[in-house]
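Quick notes on the structure that follows.
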Amino acid sequence: EPVNTSKDDFAFTYNATKKVGFFSSNRDGVDNIYKADPICNFNSYIKVIDEKTGKIIEGATVEILDNDMKGITSNLTNDKGEAVFNLKCMPAYISFASKSGYETSTHYKVEIPENEFGQDVYFHITLNPIMPIITEKEVILQP
């Protein structure tokens with residue numbers, strides 16, 4: 001369980017080019033053909049760091065997008081500045097981070113080599129703090 005059942009699962013075949021498998025089973029009382037998608041999950045550990053100070057940023061929002069820029073999931077960084085995601089294997093995904101008081105990060109495209117599917121991925125995102133331009137004593141103009 002859950003890959004095999006107590007019924008008669010037989011005649012498995014796998015197409016490596018299309019990354020899909022098929023098998024026969026009588027789990028419903030009659031012989032049928034079922035599709036078997038590969039089981040492939042991995043964790044992505046994303047650390048968010050202040051670009052100026054190098055300190056970790058707790059409570060930043062990290063978003064994961066697919067190649068079509070559609071949102072897959074989002075998470076907040078913990079007290080170690082990390083956001084952890086459990087993702088399905090895909091050749092690439094896009095990530096970015098944001099937090100109040102910081103500029104939104106650029107989009108980071110993470111490409112996973114085919115021979116590394118299923119292995120955890122670690123990387124960091126830097127956020128640039130927004131510098132105040134008006135203080136109680138002065139207006140700070142940038143050149």
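Each chain in the structure tokens gets a letter, A, B and so on, in the order shown; residues start at 1 in every chain, and ligands are counted from 1 in the order they appear.
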Quiz prompt | Those of chain A in DSSP strand (DSSP E or B), formatted as a ChimeraX atom specification | solution = /A:9-15,20-25,32-36,41-50,56,61-65,71-76,82-88,92-98,102,108-111,121-127,129,134,139
Those same residues - C-alpha atoms - I'd like them written as a PDB file, in the first residue's frame.
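out-v8.pdb written:
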```
ATOM      1  CA  ASP A   9      -1.662  -6.125  -9.893  1.00  0.00           C
ATOM      2  CA  PHE A  10       0.300  -7.335 -12.912  1.00  0.00           C
ATOM      3  CA  ALA A  11       1.905  -6.487 -16.295  1.00  0.00           C
ATOM      4  CA  PHE A  12       3.661  -3.238 -15.444  1.00  0.00           C
ATOM      5  CA  THR A  13       5.307  -1.226 -18.257  1.00  0.00           C
ATOM      6  CA  TYR A  14       7.116   2.112 -18.125  1.00  0.00           C
ATOM      7  CA  ASN A  15       7.845   4.580 -20.926  1.00  0.00           C
ATOM      8  CA  VAL A  20       4.593   7.373 -17.534  1.00  0.00           C
ATOM      9  CA  GLY A  21       3.784   3.796 -16.596  1.00  0.00           C
ATOM     10  CA  PHE A  22       0.813   1.501 -17.006  1.00  0.00           C
ATOM     11  CA  PHE A  23      -0.222  -1.689 -15.213  1.00  0.00           C
ATOM     12  CA  SER A  24      -3.090  -4.128 -15.181  1.00  0.00           C
ATOM     13  CA  SER A  25      -5.094  -4.972 -12.081  1.00  0.00           C
ATOM     14  CA  ASN A  32      -8.430  -2.943 -16.091  1.00  0.00           C
ATOM     15  CA  ILE A  33      -5.427  -0.864 -17.187  1.00  0.00           C
ATOM     16  CA  TYR A  34      -4.277   1.907 -14.857  1.00  0.00           C
ATOM     17  CA  LYS A  35      -1.879   4.789 -15.360  1.00  0.00           C
ATOM     18  CA  ALA A  36       1.025   5.037 -12.906  1.00  0.00           C
ATOM     19  CA  ASN A  41       8.496  14.803  -4.244  1.00  0.00           C
ATOM     20  CA  PHE A  42      11.209  17.037  -2.877  1.00  0.00           C
ATOM     21  CA  ASN A  43      11.637  19.799  -0.336  1.00  0.00           C
ATOM     22  CA  SER A  44      12.705  23.289  -1.304  1.00  0.00           C
ATOM     23  CA  TYR A  45      14.410  25.271   1.468  1.00  0.00           C
ATOM     24  CA  ILE A  46      14.453  28.988   0.689  1.00  0.00           C
ATOM     25  CA  LYS A  47      16.278  31.355   3.050  1.00  0.00           C
ATOM     26  CA  VAL A  48      15.479  35.077   2.841  1.00  0.00           C
ATOM     27  CA  ILE A  49      18.289  37.476   3.739  1.00  0.00           C
ATOM     28  CA  ASP A  50      18.587  41.263   4.089  1.00  0.00           C
ATOM     29  CA  ILE A  56      17.876  36.617   8.067  1.00  0.00           C
ATOM     30  CA  THR A  61       6.287  35.811   2.156  1.00  0.00           C
ATOM     31  CA  VAL A  62       7.861  33.398  -0.327  1.00  0.00           C
ATOM     32  CA  GLU A  63       5.808  32.373  -3.350  1.00  0.00           C
ATOM     33  CA  ILE A  64       6.339  29.459  -5.731  1.00  0.00           C
ATOM     34  CA  LEU A  65       5.122  29.769  -9.331  1.00  0.00           C
ATOM     35  CA  GLY A  71       0.893  30.428  -8.214  1.00  0.00           C
ATOM     36  CA  ILE A  72       1.491  26.961  -6.802  1.00  0.00           C
ATOM     37  CA  THR A  73       1.925  27.774  -3.110  1.00  0.00           C
ATOM     38  CA  SER A  74       3.246  30.360  -0.680  1.00  0.00           C
ATOM     39  CA  ASN A  75       4.677  30.295   2.822  1.00  0.00           C
ATOM     40  CA  LEU A  76       6.128  32.621   5.465  1.00  0.00           C
ATOM     41  CA  GLU A  82      13.536  29.780   5.931  1.00  0.00           C
ATOM     42  CA  ALA A  83      10.395  28.876   4.043  1.00  0.00           C
ATOM     43  CA  VAL A  84      10.061  25.146   3.398  1.00  0.00           C
ATOM     44  CA  PHE A  85       7.967  23.731   0.575  1.00  0.00           C
ATOM     45  CA  ASN A  86       7.160  20.143  -0.359  1.00  0.00           C
ATOM     46  CA  LEU A  87       6.893  20.175  -4.148  1.00  0.00           C
ATOM     47  CA  LYS A  88       6.109  17.681  -6.866  1.00  0.00           C
ATOM     48  CA  ALA A  92      11.785  24.217 -13.111  1.00  0.00           C
ATOM     49  CA  TYR A  93       9.894  26.522 -10.834  1.00  0.00           C
ATOM     50  CA  ILE A  94      10.014  30.232 -10.083  1.00  0.00           C
ATOM     51  CA  SER A  95      10.242  31.804  -6.646  1.00  0.00           C
ATOM     52  CA  PHE A  96      10.207  35.307  -5.214  1.00  0.00           C
ATOM     53  CA  ALA A  97       9.919  36.911  -1.774  1.00  0.00           C
ATOM     54  CA  SER A  98       8.348  40.037  -0.318  1.00  0.00           C
ATOM     55  CA  TYR A 102      11.654  45.777   1.545  1.00  0.00           C
ATOM     56  CA  TYR A 108      14.424  33.387  -9.273  1.00  0.00           C
ATOM     57  CA  LYS A 109      14.063  30.523 -11.731  1.00  0.00           C
ATOM     58  CA  VAL A 110      15.224  27.253 -10.225  1.00  0.00           C
ATOM     59  CA  GLU A 111      16.034  24.608 -12.813  1.00  0.00           C
ATOM     60  CA  VAL A 121      16.953  22.024  -3.079  1.00  0.00           C
ATOM     61  CA  TYR A 122      18.523  24.835  -1.019  1.00  0.00           C
ATOM     62  CA  PHE A 123      18.917  28.465  -2.077  1.00  0.00           C
ATOM     63  CA  HIS A 124      18.514  31.985  -0.760  1.00  0.00           C
ATOM     64  CA  ILE A 125      16.758  35.159  -1.834  1.00  0.00           C
ATOM     65  CA  THR A 126      17.989  38.616  -0.881  1.00  0.00           C
ATOM     66  CA  LEU A 127      15.658  41.522  -0.180  1.00  0.00           C
ATOM     67  CA  PRO A 129      15.478  47.350   2.343  1.00  0.00           C
ATOM     68  CA  ILE A 134      11.746  61.669   4.788  1.00  0.00           C
ATOM     69  CA  VAL A 139      14.415  64.966   3.375  1.00  0.00           C
TER      70      VAL A 139
END
```
Quiz item: Which residue out of A:Ile57, A:Ile130, A:Ile140, A:Cys40 has the minimum interatomic distance to Pro91 in chain A when only C-alpha atoms are used?
Solution: A:Cys40
Quiz item: From the set A:Met131, A:Asp28, A:Ala60, A:Gly81, which residue has the shortest atom-to-atom contact distance to Lys99 in chain A, counting only C-alpha atoms?
Solution: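 Distance minimum relative to Lys99 in chain A lands on A:Ala60.
CA of Lys52 in chain A is positioned 17.6 Å from CA of Lys80 in chain A.
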Quiz item: Which value, in Å to one decimal, gives the distance between CA of Glu58 in chain A and CA of Ile112 in chain A?
Solution: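 Separating CA of Glu58 in chain A from CA of Ile112 in chain A is a distance of 26.5 Å.
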Exercise. Give me, please, the distance in Å between CA of Lys19 in chain A and CA of Met90 in chain A, quoted to one decimal.
Key: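 Separating CA of Lys19 in chain A from CA of Met90 in chain A is a distance of 11.7 Å.
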